[in-house]
Amino acid sequence: MMEGNDGIGEGMAPLLEIDGLKTVFYTDEGVARAVDGVSFSINPGETIGLVGESGCGKSVTALSIMRLVPDPPGRIEGGSVLLDGRDLLAISEKEMRKVRGNEISIVFQEPLTSLNPVFTCGEQVREAIGLHQKLGRRESKEQAIEMLRLVRIPDPEKRYGNYPHQMSGGMRQRVMIAMALSCQPKLLIADEPSTALDVSVQAQIIELLLELREQLGMAVLLITHDLAVVAQMAERVVVMYAGVVVEEAPLGRLFAHPAHPYTDGLLASIPKVDAPVERLSAIPGTVPDPLRLPPGCRFSDRCPKRMDKCSVTEPGMFAVAEGHRSRCYLCEGSGP
């Protein structure tokens, strides 16, 4: 059974259901457990924020969903990824190619490395449309121009012929979003979509994603370390640490009543305009090396509330409230 989804979206079949997902990387130093039994679900039209520090396994989770983990050295070794009840880990690569871009699309953090520098931006959007919708060159070009217009790129007919280096970072990210949405997918995975951009452009990209989500009715998996972005977009939040989910809750509940000390630390590190301080709060230490995960709770060596048993046995997911689960012994027996 999946951990942490009881009471959420009751009566609604999940669009995407991840259960016990395990992805490892084989290295000369040993086996790195990047994603180690991750479980959560996304309902149709819902936006989930997947948050945590760099190195917690968020992006590897996204690559695993899309079956884009480089093999070797990576390998998905357990669990299931159900899209409308169909296990994406069990279908052929040929079938998976039909899913990518058509039913699930992904927008990566740095568009300059995701776009091909020798083709124009418009041609790359057109190619995605032609591949999945079996349209001719003229029809797919017209649709590509409409997609560029949809993501608020000015003068899309002219911009169609621009190469990636001729566009700003914000415009390149809009091209990536146009490409991702060109086939109107059921789910958009946005992996740190605004991190590489300056603050004003970041706000524009987030506003654009909000508008397109409402307009197209798609579900969104928003991967970020920025809880301020999550607060703008998500209905529910999944917190990852060292390859596992440590907390899951509705947005308002998580911000008001964080149950895991790691989530508490993330929230405490957010600057507050109405409460200036000399020094920002920070979580001491670093995320453990996936090659050398500690025994017991993976956060125990950084946790101000650790108990003796935290360093011995890893806790399970405990119910805190309806739709709210936490992987912490402090929550044992506290739920409904």
# chains A, B, ... in the order shown; residues from 1 in each chain; ligands from 1
$ residues_around --residues "Val238 of chain A" --least-positions-apart "4" --cutoff "8 Å" --atoms "only C-alpha atoms" --output "short mmCIF file (atom, residue, chain, number, x, y, z; two decimals) with C-alpha atoms, in the first residue's frame"
data_model
loop_
_atom_site.label_atom_id
_atom_site.label_comp_id
_atom_site.auth_asym_id
_atom_site.auth_seq_id
_atom_site.Cartn_x
_atom_site.Cartn_y
_atom_site.Cartn_z
CA PHE A 40 2.82 10.02 -3.72
CA ILE A 48 1.84 19.31 -6.33
CA GLY A 49 4.96 21.01 -5.02
CA LEU A 50 7.92 18.61 -4.65
CA VAL A 51 10.40 20.43 -2.43
CA VAL A 245 9.43 11.57 1.32
CA VAL A 246 9.54 12.99 4.85
CA GLU A 247 6.27 14.95 4.84
CA GLU A 248 3.15 15.40 2.73
CA ALA A 249 0.29 17.80 3.43
#
$ residues_around --residues "segment 307-309 of chain A" --least-positions-apart "4" --cutoff "12 Å" --atoms "only C-alpha atoms" --output "mmCIF file with C-alpha atoms, in the first residue's frame"
data_model
loop_
_atom_site.group_PDB
_atom_site.id
_atom_site.type_symbol
_atom_site.label_atom_id
_atom_site.label_comp_id
_atom_site.auth_asym_id
_atom_site.auth_seq_id
_atom_site.Cartn_x
_atom_site.Cartn_y
_atom_site.Cartn_z
ATOM 1 C CA PRO A 295 21.240 4.467 9.859
ATOM 2 C CA GLY A 296 17.855 5.406 11.273
ATOM 3 C CA CYS A 297 16.281 8.730 10.310
ATOM 4 C CA PHE A 299 17.832 13.772 9.025
ATOM 5 C CA SER A 300 18.874 12.766 12.546
ATOM 6 C CA ASP A 301 22.407 14.225 12.440
ATOM 7 C CA ARG A 302 20.986 17.671 11.553
ATOM 8 C CA CYS A 303 17.851 17.527 13.688
ATOM 9 C CA THR A 313 15.670 2.735 13.176
ATOM 10 C CA GLU A 314 14.195 4.693 10.272
ATOM 11 C CA PRO A 315 10.655 5.892 11.077
ATOM 12 C CA CYS A 328 9.149 11.470 12.224
ATOM 13 C CA TYR A 329 8.912 9.681 15.592
ATOM 14 C CA LEU A 330 7.578 12.912 17.109
#
$ atom_distance --atom1 "atom CA of Gly122 of chain A" --atom2 "atom CA of Ala144 of chain A"
6.5 Å
$ atom_distance --atom1 "atom CA of Ala178 of chain A" --atom2 "atom CA of Glu93 of chain A"
24.5 Å
$ residues_around --residues "segment 204-219 of chain A" --least-positions-apart "3" --cutoff "7 Å" --atoms "only C-alpha atoms" --output "list of chain:residue names"
A:Pro44, A:Gly45, A:Glu46, A:Thr47, A:Val151, A:Pro185, A:Lys186, A:Leu187, A:Leu188, A:Ser194, A:Ser200, A:Val201, A:Met233
$ write_last_selection --atoms "all heavy atoms" --output "compact mmCIF listing (two decimals), in the first residue's frame"
# COMPACT_ATOMS: atom_id res chain seq x y z
N PRO A 44 -6.07 14.61 -11.20
CA PRO A 44 -6.27 15.41 -12.42
C PRO A 44 -6.44 16.89 -12.08
O PRO A 44 -7.21 17.24 -11.19
CB PRO A 44 -7.55 14.83 -13.02
CG PRO A 44 -7.61 13.43 -12.49
CD PRO A 44 -7.04 13.50 -11.11
N GLY A 45 -5.70 17.76 -12.78
CA GLY A 45 -5.83 19.19 -12.58
C GLY A 45 -5.16 19.74 -11.34
O GLY A 45 -5.20 20.95 -11.09
N GLU A 46 -4.51 18.88 -10.55
CA GLU A 46 -3.92 19.30 -9.29
C GLU A 46 -2.46 19.73 -9.49
O GLU A 46 -1.77 19.23 -10.36
CB GLU A 46 -3.98 18.14 -8.29
CG GLU A 46 -3.44 18.47 -6.91
CD GLU A 46 -3.50 17.27 -5.96
OE1 GLU A 46 -3.32 16.13 -6.44
OE2 GLU A 46 -3.72 17.48 -4.77
N THR A 47 -2.01 20.67 -8.65
CA THR A 47 -0.60 21.06 -8.65
C THR A 47 0.04 20.62 -7.35
O THR A 47 -0.41 20.99 -6.26
CB THR A 47 -0.43 22.58 -8.82
OG1 THR A 47 -0.96 22.99 -10.08
CG2 THR A 47 1.05 22.97 -8.77
N VAL A 151 2.33 31.37 -25.08
CA VAL A 151 3.24 31.58 -23.95
C VAL A 151 3.77 33.02 -23.91
O VAL A 151 4.78 33.31 -23.27
CB VAL A 151 4.41 30.57 -23.97
CG1 VAL A 151 3.89 29.15 -23.81
CG2 VAL A 151 5.26 30.70 -25.23
N PRO A 185 -0.58 18.08 -22.75
CA PRO A 185 -0.41 16.89 -21.90
C PRO A 185 -1.34 16.93 -20.69
O PRO A 185 -1.81 18.00 -20.27
CB PRO A 185 1.05 16.99 -21.46
CG PRO A 185 1.35 18.46 -21.48
CD PRO A 185 0.58 18.99 -22.66
N LYS A 186 -1.57 15.75 -20.11
CA LYS A 186 -2.36 15.67 -18.88
C LYS A 186 -1.57 16.16 -17.68
O LYS A 186 -2.14 16.65 -16.71
CB LYS A 186 -2.78 14.22 -18.63
CG LYS A 186 -3.61 13.59 -19.74
CD LYS A 186 -3.80 12.09 -19.48
CE LYS A 186 -4.55 11.42 -20.60
NZ LYS A 186 -4.67 9.96 -20.39
N LEU A 187 -0.23 16.00 -17.76
CA LEU A 187 0.64 16.36 -16.64
C LEU A 187 1.87 17.09 -17.17
O LEU A 187 2.53 16.62 -18.10
CB LEU A 187 1.07 15.10 -15.88
CG LEU A 187 2.15 15.28 -14.79
CD1 LEU A 187 1.62 16.14 -13.64
CD2 LEU A 187 2.61 13.92 -14.27
N LEU A 188 2.18 18.22 -16.53
CA LEU A 188 3.42 18.96 -16.82
C LEU A 188 4.32 18.84 -15.60
O LEU A 188 3.93 19.16 -14.48
CB LEU A 188 3.12 20.43 -17.10
CG LEU A 188 4.37 21.33 -17.26
CD1 LEU A 188 5.12 20.96 -18.52
CD2 LEU A 188 3.99 22.80 -17.25
N SER A 194 12.11 28.26 -12.92
CA SER A 194 12.45 29.68 -12.86
C SER A 194 13.74 29.97 -12.10
O SER A 194 14.11 31.13 -11.94
CB SER A 194 11.30 30.46 -12.20
OG SER A 194 11.04 29.96 -10.89
N SER A 200 12.48 39.29 -11.62
CA SER A 200 11.33 39.81 -12.36
C SER A 200 10.87 38.82 -13.43
O SER A 200 9.67 38.60 -13.62
CB SER A 200 11.67 41.16 -13.00
OG SER A 200 12.76 41.02 -13.90
N VAL A 201 11.82 38.18 -14.13
CA VAL A 201 11.46 37.19 -15.15
C VAL A 201 10.89 35.94 -14.48
O VAL A 201 9.96 35.31 -14.99
CB VAL A 201 12.69 36.85 -16.02
CG1 VAL A 201 12.35 35.77 -17.04
CG2 VAL A 201 13.20 38.08 -16.72
N MET A 233 1.68 28.42 -6.23
CA MET A 233 1.15 27.53 -7.25
C MET A 233 0.49 26.26 -6.75
O MET A 233 -0.43 25.74 -7.38
CB MET A 233 2.28 27.12 -8.21
CG MET A 233 2.72 28.21 -9.15
SD MET A 233 3.74 27.58 -10.50
CE MET A 233 2.57 26.53 -11.38
$ select_by_dssp --residues "segment 173-258 of chain A" --states "helix (DSSP H, G or I)" --output "CSV table (one decimal) with N, CA and C atoms, in the first residue's frame"
chain,number,residue,atom,x,y,z
A,173,GLN,N,13.0,30.0,-21.9
A,173,GLN,CA,12.1,29.2,-21.0
A,173,GLN,C,10.7,29.1,-21.5
A,174,ARG,N,10.2,30.2,-22.1
A,174,ARG,CA,8.9,30.2,-22.7
A,174,ARG,C,8.8,29.3,-23.9
A,175,VAL,N,9.9,29.2,-24.6
A,175,VAL,CA,9.9,28.3,-25.8
A,175,VAL,C,9.8,26.8,-25.3
A,176,MET,N,10.6,26.5,-24.2
A,176,MET,CA,10.5,25.2,-23.6
A,176,MET,C,9.1,24.9,-23.1
A,177,ILE,N,8.4,25.9,-22.5
A,177,ILE,CA,7.0,25.7,-22.0
A,177,ILE,C,6.1,25.4,-23.2
A,178,ALA,N,6.3,26.2,-24.3
A,178,ALA,CA,5.5,26.0,-25.5
A,178,ALA,C,5.7,24.6,-26.1
A,179,MET,N,6.9,24.1,-26.1
A,179,MET,CA,7.2,22.8,-26.6
A,179,MET,C,6.6,21.8,-25.7
A,180,ALA,N,6.6,22.0,-24.4
A,180,ALA,CA,6.1,21.0,-23.5
A,180,ALA,C,4.6,20.9,-23.5
A,181,LEU,N,3.9,22.0,-23.8
A,181,LEU,CA,2.5,22.1,-23.8
A,181,LEU,C,1.9,21.9,-25.2
A,199,VAL,N,14.8,37.8,-10.8
A,199,VAL,CA,13.6,37.8,-10.0
A,199,VAL,C,12.3,38.2,-10.8
A,200,SER,N,12.5,39.3,-11.6
A,200,SER,CA,11.3,39.8,-12.4
A,200,SER,C,10.9,38.8,-13.4
A,201,VAL,N,11.8,38.2,-14.1
A,201,VAL,CA,11.5,37.2,-15.2
A,201,VAL,C,10.9,35.9,-14.5
A,202,GLN,N,11.4,35.6,-13.3
A,202,GLN,CA,10.9,34.4,-12.6
A,202,GLN,C,9.4,34.6,-12.3
A,203,ALA,N,9.1,35.8,-11.8
A,203,ALA,CA,7.7,36.1,-11.5
A,203,ALA,C,6.8,36.0,-12.8
A,204,GLN,N,7.3,36.4,-13.9
A,204,GLN,CA,6.5,36.3,-15.2
A,204,GLN,C,6.3,34.8,-15.6
A,205,ILE,N,7.3,34.0,-15.4
A,205,ILE,CA,7.2,32.6,-15.7
A,205,ILE,C,6.2,31.9,-14.8
A,206,ILE,N,6.3,32.2,-13.5
A,206,ILE,CA,5.3,31.6,-12.6
A,206,ILE,C,3.9,32.0,-12.9
A,207,GLU,N,3.7,33.3,-13.2
A,207,GLU,CA,2.4,33.8,-13.6
A,207,GLU,C,1.9,33.1,-14.9
A,208,LEU,N,2.8,32.9,-15.8
A,208,LEU,CA,2.5,32.2,-17.1
A,208,LEU,C,2.0,30.8,-16.8
A,209,LEU,N,2.8,30.1,-16.0
A,209,LEU,CA,2.4,28.7,-15.7
A,209,LEU,C,1.0,28.6,-15.0
A,210,LEU,N,0.8,29.6,-14.1
A,210,LEU,CA,-0.5,29.6,-13.4
A,210,LEU,C,-1.7,29.8,-14.4
A,211,GLU,N,-1.5,30.7,-15.4
A,211,GLU,CA,-2.5,31.0,-16.4
A,211,GLU,C,-2.7,29.8,-17.3
A,212,LEU,N,-1.6,29.2,-17.7
A,212,LEU,CA,-1.7,28.0,-18.6
A,212,LEU,C,-2.3,26.8,-17.9
A,213,ARG,N,-2.0,26.6,-16.7
A,213,ARG,CA,-2.6,25.5,-15.9
A,213,ARG,C,-4.1,25.7,-15.9
A,214,GLU,N,-4.6,26.9,-15.6
A,214,GLU,CA,-6.1,27.1,-15.6
A,214,GLU,C,-6.7,27.0,-17.0
A,215,GLN,N,-6.0,27.5,-18.0
A,215,GLN,CA,-6.5,27.5,-19.3
A,215,GLN,C,-6.6,26.1,-19.9
A,216,LEU,N,-5.6,25.2,-19.6
A,216,LEU,CA,-5.5,23.9,-20.2
A,216,LEU,C,-6.0,22.8,-19.3
A,227,LEU,N,10.2,27.6,-1.5
A,227,LEU,CA,8.8,27.5,-0.9
A,227,LEU,C,7.9,28.6,-1.2
A,228,ALA,N,8.5,29.8,-1.6
A,228,ALA,CA,7.7,30.9,-1.9
A,228,ALA,C,7.0,30.7,-3.3
A,229,VAL,N,7.7,30.0,-4.2
A,229,VAL,CA,7.1,29.6,-5.5
A,229,VAL,C,6.0,28.6,-5.2
A,230,VAL,N,6.2,27.6,-4.3
A,230,VAL,CA,5.2,26.6,-4.0
A,230,VAL,C,4.0,27.2,-3.4
A,231,ALA,N,4.1,28.3,-2.6
A,231,ALA,CA,3.0,28.9,-2.0
A,231,ALA,C,2.1,29.6,-3.0
A,232,GLN,N,2.7,30.0,-4.2
A,232,GLN,CA,1.9,30.6,-5.2
A,232,GLN,C,1.1,29.6,-6.1
A,233,MET,N,1.7,28.4,-6.2
A,233,MET,CA,1.2,27.5,-7.2
A,233,MET,C,0.5,26.3,-6.7
A,251,LEU,N,-1.2,22.5,1.2
A,251,LEU,CA,-0.4,23.7,1.3
A,251,LEU,C,-0.6,24.4,2.6
A,252,GLY,N,-1.8,24.8,2.9
A,252,GLY,CA,-2.1,25.7,4.1
A,252,GLY,C,-1.7,25.0,5.3
A,253,ARG,N,-2.0,23.7,5.4
A,253,ARG,CA,-1.6,22.9,6.6
A,253,ARG,C,-0.1,22.8,6.8
A,254,LEU,N,0.6,22.6,5.7
A,254,LEU,CA,2.1,22.4,5.8
A,254,LEU,C,2.7,23.7,6.3
A,255,PHE,N,2.3,24.9,5.8
A,255,PHE,CA,2.8,26.2,6.2
A,255,PHE,C,2.4,26.5,7.6
A,256,ALA,N,1.2,26.2,8.0
A,256,ALA,CA,0.8,26.5,9.4
A,256,ALA,C,1.2,25.6,10.4
$ atom_distance --atom1 "atom CA of Arg152 of chain A" --atom2 "atom CA of Gln133 of chain A"
22.7 Å
$ closest_residue --among "A:Gly20, A:Pro284, A:Gly52, A:Pro117" --to "Ser80 of chain A" --atoms "only C-alpha atoms"
A:Gly20
$ closest_residue --among "A:Gly85, A:Gly57, A:Gly30, A:Gly101" --to "Val287 of chain A" --atoms "only C-alpha atoms"
A:Gly57
$ closest_residue --among "A:Asp28, A:Asp84, A:Asp155, A:Glu146" --to "Leu16 of chain A" --atoms "only C-alpha atoms"
A:Asp84
$ residues_around --residues "Pro304 of chain A" --least-positions-apart "6" --cutoff "12 Å" --atoms "only C-alpha atoms" --output "list in words"
His260, Pro261, Tyr262, Asp264, Gly265, Ile283, Pro284, Gly285 and Cys310 of chain A
$ closest_residue --among "A:Ser168, A:Lys158, A:Ser105, A:Gln124" --to "Leu68 of chain A" --atoms "only C-alpha atoms"
A:Ser105
$ closest_residue --among "A:Arg172, A:His257, A:Arg67, A:Lys141" --to "Cys121 of chain A" --atoms "only C-alpha atoms"
A:Arg172
$ residues_around --residues "Ala190 of chain A" --least-positions-apart "2" --cutoff "7 Å" --atoms "only C-alpha atoms" --output "JSON list (two decimals) with C-alpha atoms, in the first residue's frame"
[["chain", "number", "residue", "atom", "x", "y", "z"],
["A", 106, "ILE", "CA", 8.75, 18.15, -18.71],
["A", 107, "VAL", "CA", 10.35, 21.59, -18.54],
["A", 108, "PHE", "CA", 13.94, 21.56, -17.30],
["A", 188, "LEU", "CA", 3.42, 18.96, -16.82],
["A", 192, "GLU", "CA", 13.01, 24.29, -11.20],
["A", 193, "PRO", "CA", 11.46, 26.23, -14.13],
["A", 221, "LEU", "CA", 4.32, 18.57, -10.63],
["A", 222, "LEU", "CA", 6.37, 21.60, -9.57],
["A", 223, "ILE", "CA", 9.88, 20.67, -8.46]]
$ closest_residue --among "A:Gly169, A:Gly243, A:Pro250, A:Pro290" --to "Lys22 of chain A" --atoms "only C-alpha atoms"
A:Gly243
$ select_by_dssp --residues "segment 24-254 of chain A" --states "strand (DSSP E)" --output "VMD selection string"
chain A and resid 24 to 27 30 to 42 47 to 51 74 to 83 86 to 87 104 to 107 187 to 191 219 to 224 236 to 241 244 to 250
$ decode --residues "segment 68-98 of chain A" --atoms "N, CA, C and O atoms" --output "PDB file, in the first residue's frame"
ATOM      1  N   LEU A  68      13.834   8.610 -18.095  1.00  0.00           N
ATOM      2  CA  LEU A  68      14.968   9.261 -18.737  1.00  0.00           C
ATOM      3  C   LEU A  68      16.240   9.149 -17.899  1.00  0.00           C
ATOM      4  O   LEU A  68      17.211   9.860 -18.156  1.00  0.00           O
ATOM      5  N   VAL A  69      16.237   8.266 -16.914  1.00  0.00           N
ATOM      6  CA  VAL A  69      17.432   8.056 -16.099  1.00  0.00           C
ATOM      7  C   VAL A  69      18.515   7.428 -16.969  1.00  0.00           C
ATOM      8  O   VAL A  69      18.272   6.399 -17.608  1.00  0.00           O
ATOM      9  N   PRO A  70      19.697   8.032 -17.042  1.00  0.00           N
ATOM     10  CA  PRO A  70      20.760   7.461 -17.892  1.00  0.00           C
ATOM     11  C   PRO A  70      21.204   6.087 -17.397  1.00  0.00           C
ATOM     12  O   PRO A  70      21.571   5.923 -16.235  1.00  0.00           O
ATOM     13  N   ASP A  71      21.150   5.100 -18.291  1.00  0.00           N
ATOM     14  CA  ASP A  71      21.479   3.715 -17.933  1.00  0.00           C
ATOM     15  C   ASP A  71      22.519   3.177 -18.908  1.00  0.00           C
ATOM     16  O   ASP A  71      22.206   2.967 -20.088  1.00  0.00           O
ATOM     17  N   PRO A  72      23.775   2.883 -18.471  1.00  0.00           N
ATOM     18  CA  PRO A  72      24.293   3.129 -17.123  1.00  0.00           C
ATOM     19  C   PRO A  72      24.626   4.600 -16.903  1.00  0.00           C
ATOM     20  O   PRO A  72      24.637   5.344 -17.876  1.00  0.00           O
ATOM     21  N   PRO A  73      24.850   5.003 -15.659  1.00  0.00           N
ATOM     22  CA  PRO A  73      24.989   4.216 -14.431  1.00  0.00           C
ATOM     23  C   PRO A  73      23.693   4.049 -13.642  1.00  0.00           C
ATOM     24  O   PRO A  73      23.649   3.320 -12.666  1.00  0.00           O
ATOM     25  N   GLY A  74      22.613   4.736 -14.061  1.00  0.00           N
ATOM     26  CA  GLY A  74      21.380   4.704 -13.285  1.00  0.00           C
ATOM     27  C   GLY A  74      20.478   3.551 -13.665  1.00  0.00           C
ATOM     28  O   GLY A  74      20.555   3.010 -14.774  1.00  0.00           O
ATOM     29  N   ARG A  75      19.605   3.195 -12.724  1.00  0.00           N
ATOM     30  CA  ARG A  75      18.648   2.124 -13.002  1.00  0.00           C
ATOM     31  C   ARG A  75      17.459   2.258 -12.062  1.00  0.00           C
ATOM     32  O   ARG A  75      17.623   2.476 -10.860  1.00  0.00           O
ATOM     33  N   ILE A  76      16.254   2.148 -12.619  1.00  0.00           N
ATOM     34  CA  ILE A  76      15.045   2.098 -11.786  1.00  0.00           C
ATOM     35  C   ILE A  76      14.880   0.655 -11.336  1.00  0.00           C
ATOM     36  O   ILE A  76      14.692  -0.237 -12.161  1.00  0.00           O
ATOM     37  N   GLU A  77      14.935   0.433 -10.022  1.00  0.00           N
ATOM     38  CA  GLU A  77      14.998  -0.943  -9.525  1.00  0.00           C
ATOM     39  C   GLU A  77      13.775  -1.374  -8.730  1.00  0.00           C
ATOM     40  O   GLU A  77      13.743  -2.505  -8.243  1.00  0.00           O
ATOM     41  N   GLY A  78      12.783  -0.527  -8.606  1.00  0.00           N
ATOM     42  CA  GLY A  78      11.618  -0.961  -7.850  1.00  0.00           C
ATOM     43  C   GLY A  78      10.492   0.041  -7.920  1.00  0.00           C
ATOM     44  O   GLY A  78      10.661   1.190  -8.316  1.00  0.00           O
ATOM     45  N   GLY A  79       9.298  -0.438  -7.556  1.00  0.00           N
ATOM     46  CA  GLY A  79       8.134   0.430  -7.493  1.00  0.00           C
ATOM     47  C   GLY A  79       7.352   0.473  -8.791  1.00  0.00           C
ATOM     48  O   GLY A  79       7.620  -0.268  -9.749  1.00  0.00           O
ATOM     49  N   SER A  80       6.374   1.351  -8.825  1.00  0.00           N
ATOM     50  CA  SER A  80       5.532   1.518 -10.007  1.00  0.00           C
ATOM     51  C   SER A  80       5.202   2.991 -10.200  1.00  0.00           C
ATOM     52  O   SER A  80       5.198   3.773  -9.250  1.00  0.00           O
ATOM     53  N   VAL A  81       4.941   3.361 -11.450  1.00  0.00           N
ATOM     54  CA  VAL A  81       4.515   4.716 -11.811  1.00  0.00           C
ATOM     55  C   VAL A  81       3.282   4.562 -12.683  1.00  0.00           C
ATOM     56  O   VAL A  81       3.383   4.263 -13.877  1.00  0.00           O
ATOM     57  N   LEU A  82       2.104   4.712 -12.081  1.00  0.00           N
ATOM     58  CA  LEU A  82       0.847   4.489 -12.796  1.00  0.00           C
ATOM     59  C   LEU A  82       0.299   5.792 -13.348  1.00  0.00           C
ATOM     60  O   LEU A  82       0.047   6.735 -12.596  1.00  0.00           O
ATOM     61  N   LEU A  83       0.106   5.854 -14.650  1.00  0.00           N
ATOM     62  CA  LEU A  83      -0.552   6.975 -15.308  1.00  0.00           C
ATOM     63  C   LEU A  83      -1.911   6.497 -15.784  1.00  0.00           C
ATOM     64  O   LEU A  83      -1.990   5.632 -16.657  1.00  0.00           O
ATOM     65  N   ASP A  84      -2.972   7.006 -15.179  1.00  0.00           N
ATOM     66  CA  ASP A  84      -4.326   6.515 -15.475  1.00  0.00           C
ATOM     67  C   ASP A  84      -4.398   5.000 -15.345  1.00  0.00           C
ATOM     68  O   ASP A  84      -5.029   4.303 -16.145  1.00  0.00           O
ATOM     69  N   GLY A  85      -3.687   4.463 -14.340  1.00  0.00           N
ATOM     70  CA  GLY A  85      -3.724   3.036 -14.066  1.00  0.00           C
ATOM     71  C   GLY A  85      -2.750   2.185 -14.856  1.00  0.00           C
ATOM     72  O   GLY A  85      -2.629   0.984 -14.614  1.00  0.00           O
ATOM     73  N   ARG A  86      -2.025   2.769 -15.804  1.00  0.00           N
ATOM     74  CA  ARG A  86      -1.063   2.022 -16.620  1.00  0.00           C
ATOM     75  C   ARG A  86       0.345   2.247 -16.081  1.00  0.00           C
ATOM     76  O   ARG A  86       0.773   3.389 -15.901  1.00  0.00           O
ATOM     77  N   ASP A  87       1.079   1.168 -15.817  1.00  0.00           N
ATOM     78  CA  ASP A  87       2.404   1.267 -15.225  1.00  0.00           C
ATOM     79  C   ASP A  87       3.426   1.646 -16.298  1.00  0.00           C
ATOM     80  O   ASP A  87       3.745   0.854 -17.186  1.00  0.00           O
ATOM     81  N   LEU A  88       3.954   2.863 -16.193  1.00  0.00           N
ATOM     82  CA  LEU A  88       4.915   3.345 -17.180  1.00  0.00           C
ATOM     83  C   LEU A  88       6.245   2.602 -17.109  1.00  0.00           C
ATOM     84  O   LEU A  88       7.011   2.616 -18.079  1.00  0.00           O
ATOM     85  N   LEU A  89       6.516   1.956 -15.990  1.00  0.00           N
ATOM     86  CA  LEU A  89       7.765   1.217 -15.857  1.00  0.00           C
ATOM     87  C   LEU A  89       7.686  -0.160 -16.510  1.00  0.00           C
ATOM     88  O   LEU A  89       8.710  -0.824 -16.674  1.00  0.00           O
ATOM     89  N   ALA A  90       6.472  -0.571 -16.883  1.00  0.00           N
ATOM     90  CA  ALA A  90       6.283  -1.909 -17.445  1.00  0.00           C
ATOM     91  C   ALA A  90       6.065  -1.899 -18.957  1.00  0.00           C
ATOM     92  O   ALA A  90       6.087  -2.954 -19.589  1.00  0.00           O
ATOM     93  N   ILE A  91       5.859  -0.722 -19.555  1.00  0.00           N
ATOM     94  CA  ILE A  91       5.592  -0.670 -20.993  1.00  0.00           C
ATOM     95  C   ILE A  91       6.910  -0.606 -21.769  1.00  0.00           C
ATOM     96  O   ILE A  91       7.970  -0.334 -21.213  1.00  0.00           O
ATOM     97  N   SER A  92       6.834  -0.836 -23.065  1.00  0.00           N
ATOM     98  CA  SER A  92       8.034  -0.827 -23.901  1.00  0.00           C
ATOM     99  C   SER A  92       8.529   0.599 -24.109  1.00  0.00           C
ATOM    100  O   SER A  92       7.787   1.568 -23.913  1.00  0.00           O
ATOM    101  N   GLU A  93       9.786   0.723 -24.559  1.00  0.00           N
ATOM    102  CA  GLU A  93      10.339   2.046 -24.844  1.00  0.00           C
ATOM    103  C   GLU A  93       9.569   2.721 -25.983  1.00  0.00           C
ATOM    104  O   GLU A  93       9.358   3.942 -25.970  1.00  0.00           O
ATOM    105  N   LYS A  94       9.121   1.936 -26.949  1.00  0.00           N
ATOM    106  CA  LYS A  94       8.347   2.502 -28.053  1.00  0.00           C
ATOM    107  C   LYS A  94       7.041   3.116 -27.541  1.00  0.00           C
ATOM    108  O   LYS A  94       6.655   4.220 -27.951  1.00  0.00           O
ATOM    109  N   GLU A  95       6.370   2.421 -26.625  1.00  0.00           N
ATOM    110  CA  GLU A  95       5.137   2.956 -26.042  1.00  0.00           C
ATOM    111  C   GLU A  95       5.437   4.178 -25.181  1.00  0.00           C
ATOM    112  O   GLU A  95       4.668   5.147 -25.167  1.00  0.00           O
ATOM    113  N   MET A  96       6.577   4.161 -24.480  1.00  0.00           N
ATOM    114  CA  MET A  96       6.930   5.272 -23.610  1.00  0.00           C
ATOM    115  C   MET A  96       7.208   6.532 -24.416  1.00  0.00           C
ATOM    116  O   MET A  96       6.909   7.645 -23.970  1.00  0.00           O
ATOM    117  N   ARG A  97       7.766   6.382 -25.605  1.00  0.00           N
ATOM    118  CA  ARG A  97       8.014   7.554 -26.454  1.00  0.00           C
ATOM    119  C   ARG A  97       6.720   8.254 -26.838  1.00  0.00           C
ATOM    120  O   ARG A  97       6.701   9.466 -27.064  1.00  0.00           O
ATOM    121  N   LYS A  98       5.625   7.487 -26.911  1.00  0.00           N
ATOM    122  CA  LYS A  98       4.319   8.087 -27.208  1.00  0.00           C
ATOM    123  C   LYS A  98       3.759   8.841 -26.004  1.00  0.00           C
ATOM    124  O   LYS A  98       2.962   9.760 -26.150  1.00  0.00           O
TER     125      LYS A  98
END
